[in-house]
Amino acid sequence: MFNNNFQTDILIIGGGPAGIVCAVTARKNNHSKKIVVVRDTPKTVVPCGIPYIFHRLNLVDEDIIPDDVFVKNNIKLIIDKAIKLDSKTKKVFFQSGREIIYDKLVLATGSSPVHIPIPGVDKEGVWFVKKDYTYLKKLRQAVLRSKNIVIIGGGFIGVELADELSNIKNLNISIVEMEERCLSKSFDKEFSQIAEEKLKQNGVKIYTGTKVLEIKGQDRVESVKTEGGKDIPADLVILSIGARPNISLAKDSKMRIGEYKGFWVDEYMRTNIEDIFAIGDCAETRDFITSRHLPVMLSSIATSEARIAGANLYQMRLFRKNKGTLGSFSTEIKGTVLAATGVNEERAKKEGIEVVTGYSESYNHHPQTLPRSELIKLKLIFFKSSGTILGAELAGPESVSEMINILALAIQEGLTISDFDTFQISTHPLLTAAPTVYPIIMAAQSALQKME
Ligand SMILES: Cc1cc2nc3c(=O)[nH]c(=O)nc-3n(C[C@H](O)[C@H](O)[C@H](O)COP(=O)(O)OP(=O)(O)OC[C@H]3O[C@@H](n4cnc5c(N)ncnc54)[C@H](O)[C@@H]3O)c2cc1C
């Protein structure tokens with residue numbers, strides 16, 4: 001059916017979470033169309049599982065998205081790299097010399113780690129967190145041979161890596177973060193402190209409010225020099241200071257690029273060029289609350305965008321009610337789950353939004369004397385003017401990672417303090433907090449008191 005050069009109905013470049021979900025959604029909506037996915041890696045790692053390849057998983061091969069999804073859905077998978085796009089002739093050119101003509105093109109090329117131009121960054125022993133199977137296999141081996149690892153960047157990837165690596169015996173882990181605290185983009189101080197304390201209790205050294213000046217060593221890395229004059233011993237350095245969209249295919253086309261250098265898209269993930277869509281990390285997003293362009297790069301967002309594009313390639317099938325990207329995120333550090341959605345108090349203030357916050361602490365079982373009772377800490381952030389929710393932060397047991405999803409829906413639906421105050425819930429002694437002190441209701445009531 002397919003020769004080296006051929007024509008297809010739907011061509012998807014990129015086989016990460018966005019590309020896969022878009023292809024499957026497109027198949028559900030278009031039974032007779034030819035669908036082709038091209039990706040440039042032999043295997044697709046589960047990106048969110050990368051931190052766990054170093055200890056909890058035994059091999060990188062245990063962190064793979066199986067390719068049988070393509071076979072099951074009659075989708076052709078090709079391993080090749082797209083190097084050029086000609087939107088006039090609707091043709092994509094590949095490294096192997098292959099050319100594919102498309103009717104609809106979806107760019108799901110993802111993101112790559114940001115590099116920083118500090119002296120020594122090219123030394124042997126400096127690594128990035130690439131979503132690349134072959135690279136990660138080498139990184140895993142290098143990590144397991146190391147004694148002193150310095151992670152530059154205390155965002156969620158840096159923190160998750162530090163947490164995982166701190167489980168490995170005789171390994172010294174340090175994080176250097178230039179902001180005043182780790183996880184500052186997602187959490188207010190009360191919550192990021194919980195993460196930092198947990199890591200420190202497990203031997204991770206954290207240097208915040210300080211920049212890295214140089215990665216020192218002869219040929220290979222020996223230490224990391226920071227602004228404060230510290231020289232942290234290192235035989236391996238991992239840079240995790242953010243990601244940038246992969247947009248090299250825009251080079252020869254008239255594709256519009258957004259403020260954060262992702263492909264510009266509208267609410268239906270259409271680029272400015274007819275029949276070309278962009279989804280996932282490579283597409284620019286607008287913040288749900290502030291409408292500002294922000295680089296929110298999450299699998300959860302990538303797959304949501306993929307469903308929108310995949311359903312609407314040929315005709316409008318999926319109406320997009322929400323008009324922006326709501327970053328919702330959870331992580332686990334030493335058994336404590338931290339989760340956040342929307343805008344935190346600090347960012348709201350920076351945006352000039354007057355907020356009122358509510359706080360609650362309740363146990364996840366009742367009575368709290370029951371086995372496995374754990375404390376849930378919740379902060380809700382509301383617009384002072386209208387009482388509409390704009391953010392939430394949680395710390396506690398595993399169940400809070402689902403509670404944050406309820407709060408994300410509440411933000412998308414524009415719920416207010418009084419909606420939470422009258423929230424009708426299900427409770428059970430072994431499964432939830434008591435109805436008398438249900439965290440969401442308690443936090444809303446504490447905010448309500450400040451409104452009055
Ligand atoms: C360590 C880590 C942990 C994370 N944890 C979480 C988490 O817990 N929760 C969460 O929601 N998000 C998490 N993320 C973010 C998440 O991984 C990304 O948002 C997600 O991978 C985006 O999916 P994507 O398909 O848009 O892009 P990618 O996953 O980057 O996939 C892009 C694909 O396109 C291919 N490609 C690129 N260019 C070309 C080309 N020219 N030709 C052919 N193929 C090409 C790539 O090889 C790749 O297969 C994490 C990320 C990392 C790095």
# chains A, B, ... in the order shown; residues from 1 in each chain; ligands from 1
>>> closest_atom_pairs(of="chain A", to="ligand 1", cutoff="7 Å", atoms="only C-alpha atoms and all ligand atoms", output="tab-separated table")
residue	atom	partner	partner_atom_place_in_ligand_line	distance
A:Ile13	CA	ligand 1	43 (C)	5.3
A:Gly14	CA	ligand 1	34 (O)	3.2
A:Gly15	CA	ligand 1	49 (O)	4.1
A:Gly16	CA	ligand 1	25 (O)	3.5
A:Pro17	CA	ligand 1	25 (O)	4.0
A:Ala18	CA	ligand 1	25 (O)	3.6
A:Gly19	CA	ligand 1	25 (O)	5.4
A:Val38	CA	ligand 1	43 (C)	5.4
A:Arg39	CA	ligand 1	44 (N)	3.5
A:Asp40	CA	ligand 1	44 (N)	4.1
A:Thr41	CA	ligand 1	47 (O)	5.1
A:Thr44	CA	ligand 1	49 (O)	6.0
A:Pro47	CA	ligand 1	17 (O)	4.2
A:Cys48	CA	ligand 1	5 (N)	3.3
A:Gly49	CA	ligand 1	3 (C)	6.2
A:Ile50	CA	ligand 1	1 (C)	4.8
A:Pro51	CA	ligand 1	1 (C)	5.4
A:Asp80	CA	ligand 1	43 (C)	5.8
A:Lys81	CA	ligand 1	42 (N)	3.6
A:Ala82	CA	ligand 1	42 (N)	3.9
A:Ile83	CA	ligand 1	41 (N)	5.6
A:Ala108	CA	ligand 1	26 (O)	5.4
A:Thr109	CA	ligand 1	34 (O)	3.7
A:Gly110	CA	ligand 1	27 (O)	3.1
A:Ser111	CA	ligand 1	30 (O)	4.5
A:Ser112	CA	ligand 1	30 (O)	6.7
A:Val129	CA	ligand 1	53 (C)	5.8
A:Lys130	CA	ligand 1	53 (C)	6.3
A:Lys131	CA	ligand 1	53 (C)	5.9
A:Asp132	CA	ligand 1	47 (O)	6.8
A:Ile157	CA	ligand 1	1 (C)	5.1
A:Asn246	CA	ligand 1	38 (N)	6.2
A:Leu249	CA	ligand 1	41 (N)	6.8
A:Ile279	CA	ligand 1	26 (O)	6.2
A:Gly280	CA	ligand 1	26 (O)	3.3
A:Asp281	CA	ligand 1	26 (O)	4.0
A:Cys282	CA	ligand 1	26 (O)	6.1
A:Met297	CA	ligand 1	19 (O)	4.2
A:Leu298	CA	ligand 1	19 (O)	3.2
A:Ser299	CA	ligand 1	11 (O)	3.7
A:Ser300	CA	ligand 1	11 (O)	4.3
A:Ile301	CA	ligand 1	11 (O)	6.7
A:Ala302	CA	ligand 1	26 (O)	5.1
A:Phe329	CA	ligand 1	9 (N)	6.3
A:Ser330	CA	ligand 1	8 (O)	6.7
A:Thr331	CA	ligand 1	8 (O)	6.5
>>> closest_atom_pairs(of="region 107-154 of chain A", to="region 225-241 of chain A", cutoff="10 Å", atoms="only C-alpha atoms", output="tab-separated table")
residue	atom	partner	partner_atom	distance
A:Pro113	CA	A:Ser240	CA	7.0
A:Val114	CA	A:Ile241	CA	6.4
A:His115	CA	A:Leu239	CA	7.8
A:Ile116	CA	A:Ile241	CA	8.4
A:Val121	CA	A:Leu239	CA	9.1
A:Lys123	CA	A:Val237	CA	9.7
A:Glu124	CA	A:Leu236	CA	8.5
A:Gly125	CA	A:Leu236	CA	4.8
A:Val126	CA	A:Val237	CA	4.8
A:Trp127	CA	A:Ile238	CA	4.8
A:Phe128	CA	A:Leu239	CA	5.1
A:Val129	CA	A:Ser240	CA	6.4
A:Lys130	CA	A:Ser240	CA	9.5
A:Leu139	CA	A:Ile238	CA	9.5
A:Ala142	CA	A:Leu236	CA	7.8
A:Val143	CA	A:Leu236	CA	7.2
A:Arg145	CA	A:Asp235	CA	9.3
A:Ser146	CA	A:Asp235	CA	6.2
A:Lys147	CA	A:Asp235	CA	6.8
A:Asn148	CA	A:Ala234	CA	4.7
A:Ile149	CA	A:Leu236	CA	4.9
A:Val150	CA	A:Val237	CA	4.8
A:Ile151	CA	A:Ile238	CA	4.8
A:Ile152	CA	A:Leu239	CA	4.9
A:Gly153	CA	A:Ile241	CA	4.8
A:Gly154	CA	A:Ile241	CA	7.7
>>> residues_around(residues="region 376-384 of chain A", least_positions_apart="2", cutoff="8 Å", atoms="only C-alpha atoms", output="PDB file with C-alpha atoms, in the first residue's frame")
ATOM      1  CA  VAL A 343      -2.498  30.082  39.117  1.00  0.00           C
ATOM      2  CA  ASN A 344      -0.774  30.139  42.514  1.00  0.00           C
ATOM      3  CA  GLU A 345      -1.053  33.105  44.886  1.00  0.00           C
ATOM      4  CA  ILE A 353      -4.981  39.896  40.423  1.00  0.00           C
ATOM      5  CA  GLU A 354      -6.459  40.575  43.841  1.00  0.00           C
ATOM      6  CA  VAL A 355      -7.058  37.196  45.452  1.00  0.00           C
ATOM      7  CA  VAL A 356      -8.498  35.676  48.555  1.00  0.00           C
ATOM      8  CA  THR A 357      -7.139  32.327  49.693  1.00  0.00           C
ATOM      9  CA  GLY A 358      -8.589  29.547  51.799  1.00  0.00           C
ATOM     10  CA  TYR A 359      -6.642  26.843  53.584  1.00  0.00           C
ATOM     11  CA  SER A 360      -7.593  23.526  55.151  1.00  0.00           C
ATOM     12  CA  GLU A 361      -5.955  20.562  56.832  1.00  0.00           C
ATOM     13  CA  SER A 362      -7.946  17.335  57.164  1.00  0.00           C
ATOM     14  CA  TYR A 363      -7.118  13.655  57.392  1.00  0.00           C
ATOM     15  CA  ASN A 364      -7.915  11.360  54.466  1.00  0.00           C
ATOM     16  CA  GLU A 374      -2.641  10.960  56.375  1.00  0.00           C
ATOM     17  CA  SER A 386     -16.076  37.503  42.041  1.00  0.00           C
ATOM     18  CA  GLY A 387     -15.111  34.589  44.283  1.00  0.00           C
ATOM     19  CA  THR A 388     -14.310  32.515  41.171  1.00  0.00           C
ATOM     20  CA  ILE A 389     -11.626  29.890  41.669  1.00  0.00           C
ATOM     21  CA  LEU A 390      -8.353  30.419  39.830  1.00  0.00           C
ATOM     22  CA  GLY A 391      -5.956  28.008  41.485  1.00  0.00           C
ATOM     23  CA  ALA A 392      -5.418  25.191  43.968  1.00  0.00           C
ATOM     24  CA  GLU A 393      -2.453  23.513  45.638  1.00  0.00           C
ATOM     25  CA  LEU A 394      -2.499  20.234  47.537  1.00  0.00           C
ATOM     26  CA  ALA A 395      -0.132  18.077  49.563  1.00  0.00           C
ATOM     27  CA  GLY A 396      -0.972  14.694  51.017  1.00  0.00           C
ATOM     28  CA  PRO A 397      -1.554  11.037  50.165  1.00  0.00           C
ATOM     29  CA  VAL A 400      -4.874  14.281  46.234  1.00  0.00           C
ATOM     30  CA  THR A 416     -17.149  30.082  42.887  1.00  0.00           C
ATOM     31  CA  ILE A 417     -16.614  29.891  46.644  1.00  0.00           C
ATOM     32  CA  PRO A 439     -10.889  19.600  52.569  1.00  0.00           C
ATOM     33  CA  ILE A 440     -12.409  21.459  49.603  1.00  0.00           C
ATOM     34  CA  ALA A 443     -10.785  25.643  52.425  1.00  0.00           C
ATOM     35  CA  ALA A 444     -13.667  27.389  50.642  1.00  0.00           C
ATOM     36  CA  ALA A 447     -11.745  31.896  52.080  1.00  0.00           C
ATOM     37  CA  MET A 451     -14.412  37.843  51.854  1.00  0.00           C
TER      38      MET A 451
END
>>> closest_residue(among="A:Thr422, A:Asn202, A:Thr210, A:Thr341", to="Glu179 (chain A)", atoms="only C-alpha atoms")
A:Thr210
>>> select_by_dssp(residues="region 201-239 of chain A", states="strand (DSSP E or B)", output="ChimeraX atom specification")
/A:205-208,212-216,220,223-226,231-233,236-239
>>> select_by_dssp(residues="region 51-289 of chain A", states="helix (DSSP H, G or I)", output="JSON list (two decimals) with N, CA and C atoms, in the first residue's frame")
[["chain", "number", "residue", "atom", "x", "y", "z"],
["A", 51, "PRO", "N", 12.08, 9.84, 35.10],
["A", 51, "PRO", "CA", 12.81, 9.90, 36.38],
["A", 51, "PRO", "C", 12.93, 8.54, 37.05],
["A", 52, "TYR", "N", 12.01, 7.63, 36.72],
["A", 52, "TYR", "CA", 11.96, 6.36, 37.45],
["A", 52, "TYR", "C", 12.76, 5.23, 36.79],
["A", 53, "ILE", "N", 13.44, 5.55, 35.67],
["A", 53, "ILE", "CA", 14.27, 4.52, 35.01],
["A", 53, "ILE", "C", 15.55, 4.24, 35.79],
["A", 60, "VAL", "N", 15.46, 0.93, 30.88],
["A", 60, "VAL", "CA", 14.73, 1.94, 30.09],
["A", 60, "VAL", "C", 13.60, 1.22, 29.33],
["A", 61, "ASP", "N", 13.85, -0.03, 28.97],
["A", 61, "ASP", "CA", 12.85, -0.80, 28.22],
["A", 61, "ASP", "C", 11.57, -1.07, 29.01],
["A", 62, "GLU", "N", 11.62, -0.81, 30.31],
["A", 62, "GLU", "CA", 10.39, -0.96, 31.10],
["A", 62, "GLU", "C", 9.56, 0.33, 31.06],
["A", 68, "ASP", "N", 2.11, -1.43, 19.56],
["A", 68, "ASP", "CA", 0.96, -2.18, 19.03],
["A", 68, "ASP", "C", -0.30, -1.30, 18.88],
["A", 69, "VAL", "N", -0.28, -0.12, 19.50],
["A", 69, "VAL", "CA", -1.40, 0.81, 19.34],
["A", 69, "VAL", "C", -1.56, 1.18, 17.85],
["A", 70, "PHE", "N", -0.45, 1.22, 17.12],
["A", 70, "PHE", "CA", -0.52, 1.58, 15.70],
["A", 70, "PHE", "C", -1.14, 0.44, 14.89],
["A", 71, "VAL", "N", -0.68, -0.78, 15.19],
["A", 71, "VAL", "CA", -1.19, -1.95, 14.46],
["A", 71, "VAL", "C", -2.69, -2.09, 14.72],
["A", 72, "LYS", "N", -3.07, -1.99, 16.01],
["A", 72, "LYS", "CA", -4.48, -2.19, 16.38],
["A", 72, "LYS", "C", -5.39, -1.18, 15.70],
["A", 133, "TYR", "N", 15.22, 7.33, 23.68],
["A", 133, "TYR", "CA", 15.47, 5.98, 24.19],
["A", 133, "TYR", "C", 16.96, 5.66, 24.27],
["A", 134, "THR", "N", 17.68, 5.86, 23.15],
["A", 134, "THR", "CA", 19.09, 5.47, 23.09],
["A", 134, "THR", "C", 19.93, 6.31, 24.05],
["A", 135, "TYR", "N", 19.65, 7.61, 24.08],
["A", 135, "TYR", "CA", 20.37, 8.53, 24.97],
["A", 135, "TYR", "C", 20.12, 8.15, 26.43],
["A", 136, "LEU", "N", 18.87, 7.84, 26.76],
["A", 136, "LEU", "CA", 18.52, 7.54, 28.15],
["A", 136, "LEU", "C", 19.19, 6.25, 28.63],
["A", 137, "LYS", "N", 19.38, 5.31, 27.71],
["A", 137, "LYS", "CA", 20.07, 4.06, 28.10],
["A", 137, "LYS", "C", 21.50, 4.38, 28.55],
["A", 138, "LYS", "N", 22.13, 5.30, 27.81],
["A", 138, "LYS", "CA", 23.51, 5.69, 28.17],
["A", 138, "LYS", "C", 23.51, 6.48, 29.47],
["A", 139, "LEU", "N", 22.52, 7.38, 29.61],
["A", 139, "LEU", "CA", 22.46, 8.20, 30.83],
["A", 139, "LEU", "C", 22.27, 7.30, 32.06],
["A", 140, "ARG", "N", 21.41, 6.31, 31.91],
["A", 140, "ARG", "CA", 21.15, 5.41, 33.04],
["A", 140, "ARG", "C", 22.46, 4.73, 33.50],
["A", 141, "GLN", "N", 23.22, 4.24, 32.51],
["A", 141, "GLN", "CA", 24.49, 3.57, 32.86],
["A", 141, "GLN", "C", 25.45, 4.54, 33.54],
["A", 142, "ALA", "N", 25.50, 5.77, 33.01],
["A", 142, "ALA", "CA", 26.42, 6.77, 33.58],
["A", 142, "ALA", "C", 26.00, 7.13, 35.00],
["A", 143, "VAL", "N", 24.71, 7.26, 35.25],
["A", 143, "VAL", "CA", 24.21, 7.58, 36.59],
["A", 143, "VAL", "C", 24.60, 6.48, 37.56],
["A", 144, "LEU", "N", 24.41, 5.24, 37.15],
["A", 144, "LEU", "CA", 24.67, 4.12, 38.05],
["A", 144, "LEU", "C", 26.16, 3.93, 38.35],
["A", 156, "PHE", "N", 9.97, 20.65, 38.26],
["A", 156, "PHE", "CA", 9.45, 19.34, 38.65],
["A", 156, "PHE", "C", 10.31, 18.19, 38.14],
["A", 157, "ILE", "N", 10.98, 18.37, 37.00],
["A", 157, "ILE", "CA", 11.82, 17.28, 36.50],
["A", 157, "ILE", "C", 13.06, 17.12, 37.39],
["A", 158, "GLY", "N", 13.70, 18.23, 37.73],
["A", 158, "GLY", "CA", 14.88, 18.18, 38.60],
["A", 158, "GLY", "C", 14.55, 17.57, 39.95],
["A", 159, "VAL", "N", 13.42, 17.98, 40.50],
["A", 159, "VAL", "CA", 13.01, 17.49, 41.82],
["A", 159, "VAL", "C", 12.67, 15.99, 41.76],
["A", 160, "GLU", "N", 11.96, 15.58, 40.72],
["A", 160, "GLU", "CA", 11.62, 14.15, 40.60],
["A", 160, "GLU", "C", 12.88, 13.30, 40.43],
["A", 161, "LEU", "N", 13.82, 13.82, 39.65],
["A", 161, "LEU", "CA", 15.09, 13.09, 39.46],
["A", 161, "LEU", "C", 15.83, 12.96, 40.78],
["A", 162, "ALA", "N", 15.91, 14.08, 41.52],
["A", 162, "ALA", "CA", 16.63, 14.07, 42.80],
["A", 162, "ALA", "C", 15.98, 13.07, 43.75],
["A", 163, "ASP", "N", 14.66, 13.06, 43.76],
["A", 163, "ASP", "CA", 13.93, 12.15, 44.64],
["A", 163, "ASP", "C", 14.27, 10.69, 44.29],
["A", 164, "GLU", "N", 14.23, 10.40, 43.00],
["A", 164, "GLU", "CA", 14.49, 9.02, 42.57],
["A", 164, "GLU", "C", 15.95, 8.63, 42.84],
["A", 165, "LEU", "N", 16.87, 9.53, 42.49],
["A", 165, "LEU", "CA", 18.29, 9.20, 42.64],
["A", 165, "LEU", "C", 18.68, 9.07, 44.11],
["A", 189, "LYS", "N", 5.12, 29.14, 48.52],
["A", 189, "LYS", "CA", 6.21, 28.72, 49.42],
["A", 189, "LYS", "C", 5.81, 27.56, 50.36],
["A", 190, "GLU", "N", 4.60, 27.65, 50.94],
["A", 190, "GLU", "CA", 4.20, 26.62, 51.93],
["A", 190, "GLU", "C", 4.30, 25.22, 51.35],
["A", 191, "PHE", "N", 4.02, 25.11, 50.04],
["A", 191, "PHE", "CA", 3.99, 23.78, 49.42],
["A", 191, "PHE", "C", 5.36, 23.38, 48.87],
["A", 192, "SER", "N", 6.08, 24.33, 48.27],
["A", 192, "SER", "CA", 7.39, 23.93, 47.74],
["A", 192, "SER", "C", 8.34, 23.59, 48.89],
["A", 193, "GLN", "N", 8.09, 24.23, 50.05],
["A", 193, "GLN", "CA", 8.90, 23.91, 51.24],
["A", 193, "GLN", "C", 8.76, 22.43, 51.64],
["A", 194, "ILE", "N", 7.54, 21.93, 51.49],
["A", 194, "ILE", "CA", 7.30, 20.51, 51.85],
["A", 194, "ILE", "C", 8.22, 19.63, 51.00],
["A", 195, "ALA", "N", 8.27, 19.94, 49.70],
["A", 195, "ALA", "CA", 9.11, 19.14, 48.79],
["A", 195, "ALA", "C", 10.57, 19.25, 49.19],
["A", 196, "GLU", "N", 11.01, 20.47, 49.45],
["A", 196, "GLU", "CA", 12.43, 20.67, 49.78],
["A", 196, "GLU", "C", 12.79, 19.92, 51.07],
["A", 197, "GLU", "N", 11.90, 20.03, 52.08],
["A", 197, "GLU", "CA", 12.19, 19.36, 53.36],
["A", 197, "GLU", "C", 12.29, 17.85, 53.18],
["A", 198, "LYS", "N", 11.36, 17.31, 52.40],
["A", 198, "LYS", "CA", 11.38, 15.85, 52.17],
["A", 198, "LYS", "C", 12.70, 15.43, 51.51],
["A", 199, "LEU", "N", 13.12, 16.20, 50.51],
["A", 199, "LEU", "CA", 14.36, 15.85, 49.81],
["A", 199, "LEU", "C", 15.55, 15.96, 50.75],
["A", 200, "LYS", "N", 15.57, 17.04, 51.54],
["A", 200, "LYS", "CA", 16.72, 17.24, 52.46],
["A", 200, "LYS", "C", 16.78, 16.10, 53.48],
["A", 201, "GLN", "N", 15.60, 15.70, 53.98],
["A", 201, "GLN", "CA", 15.58, 14.58, 54.94],
["A", 201, "GLN", "C", 16.22, 13.33, 54.34],
["A", 248, "SER", "N", 11.86, 23.22, 13.97],
["A", 248, "SER", "CA", 12.74, 23.42, 12.81],
["A", 248, "SER", "C", 11.99, 23.26, 11.48],
["A", 249, "LEU", "N", 10.88, 22.55, 11.47],
["A", 249, "LEU", "CA", 10.13, 22.38, 10.21],
["A", 249, "LEU", "C", 9.49, 23.68, 9.75],
["A", 250, "ALA", "N", 9.45, 24.66, 10.63],
["A", 250, "ALA", "CA", 8.84, 25.95, 10.24],
["A", 250, "ALA", "C", 9.78, 26.76, 9.36],
["A", 280, "GLY", "N", 0.63, 19.55, 21.27],
["A", 280, "GLY", "CA", 1.63, 19.12, 22.26],
["A", 280, "GLY", "C", 2.68, 20.18, 22.52],
["A", 281, "ASP", "N", 3.85, 19.72, 22.97],
["A", 281, "ASP", "CA", 4.90, 20.64, 23.41],
["A", 281, "ASP", "C", 5.35, 21.61, 22.31],
["A", 282, "CYS", "N", 5.18, 21.23, 21.04],
["A", 282, "CYS", "CA", 5.67, 22.12, 19.97],
["A", 282, "CYS", "C", 4.70, 23.26, 19.67]]
>>> residues_around(residues="Tyr314 (chain A)", least_positions_apart="5", cutoff="9 Å", atoms="only C-alpha atoms", output="short mmCIF file (atom, residue, chain, number, x, y, z; two decimals) with all heavy atoms, in the first residue's frame")
data_model
loop_
_atom_site.label_atom_id
_atom_site.label_comp_id
_atom_site.auth_asym_id
_atom_site.auth_seq_id
_atom_site.Cartn_x
_atom_site.Cartn_y
_atom_site.Cartn_z
N ASN A 30 -12.32 8.77 11.51
CA ASN A 30 -12.18 8.64 10.06
C ASN A 30 -11.79 7.20 9.72
O ASN A 30 -10.61 6.87 9.62
CB ASN A 30 -11.06 9.57 9.55
CG ASN A 30 -11.28 11.01 9.96
OD1 ASN A 30 -12.07 11.73 9.34
ND2 ASN A 30 -10.59 11.44 10.99
N LYS A 104 -3.93 16.23 5.23
CA LYS A 104 -3.90 16.94 6.51
C LYS A 104 -2.59 16.60 7.20
O LYS A 104 -2.21 15.41 7.26
CB LYS A 104 -5.05 16.50 7.43
CG LYS A 104 -6.42 16.59 6.82
CD LYS A 104 -6.94 18.01 6.81
CE LYS A 104 -8.28 18.09 6.10
NZ LYS A 104 -8.73 19.48 5.93
N ASP A 275 -4.80 23.31 6.57
CA ASP A 275 -4.58 21.86 6.66
C ASP A 275 -3.35 21.45 7.47
O ASP A 275 -2.93 20.29 7.43
CB ASP A 275 -4.49 21.22 5.25
CG ASP A 275 -5.83 21.29 4.54
OD1 ASP A 275 -6.86 21.24 5.23
OD2 ASP A 275 -5.83 21.43 3.31
#
>>> atom_distance(atom1="CA of Met316 (chain A)", atom2="CA of Trp264 (chain A)")
19.7 Å
>>> decode(residues="region 333-345 of chain A", atoms="N, CA and C atoms", output="compact mmCIF listing (two decimals), in the first residue's frame")
# COMPACT_ATOMS: atom_id res chain seq x y z
N ILE A 333 6.91 13.04 46.12
CA ILE A 333 8.27 13.11 46.67
C ILE A 333 8.28 12.41 48.02
N LYS A 334 9.04 11.36 48.07
CA LYS A 334 9.16 10.55 49.30
C LYS A 334 7.80 10.26 49.92
N GLY A 335 6.89 9.80 49.10
CA GLY A 335 5.60 9.35 49.61
C GLY A 335 4.56 10.45 49.78
N THR A 336 4.96 11.69 49.60
CA THR A 336 3.98 12.78 49.71
C THR A 336 3.66 13.29 48.30
N VAL A 337 2.38 13.38 48.01
CA VAL A 337 1.97 13.89 46.70
C VAL A 337 1.79 15.41 46.79
N LEU A 338 2.34 16.09 45.81
CA LEU A 338 2.13 17.54 45.69
C LEU A 338 1.42 17.76 44.36
N ALA A 339 0.38 18.57 44.39
CA ALA A 339 -0.39 18.77 43.15
C ALA A 339 -0.84 20.22 43.07
N ALA A 340 -0.92 20.71 41.85
CA ALA A 340 -1.33 22.11 41.67
C ALA A 340 -2.10 22.27 40.37
N THR A 341 -3.00 23.22 40.36
CA THR A 341 -3.69 23.57 39.11
C THR A 341 -3.92 25.07 39.07
N GLY A 342 -3.96 25.61 37.88
CA GLY A 342 -4.24 27.04 37.72
C GLY A 342 -3.11 27.92 38.20
N VAL A 343 -3.47 29.04 38.77
CA VAL A 343 -2.50 30.08 39.12
C VAL A 343 -2.28 30.06 40.63
N ASN A 344 -1.01 30.08 41.06
CA ASN A 344 -0.77 30.14 42.51
C ASN A 344 -0.88 31.59 43.00
N GLU A 345 -0.84 31.76 44.32
CA GLU A 345 -1.05 33.10 44.89
C GLU A 345 0.04 34.07 44.44
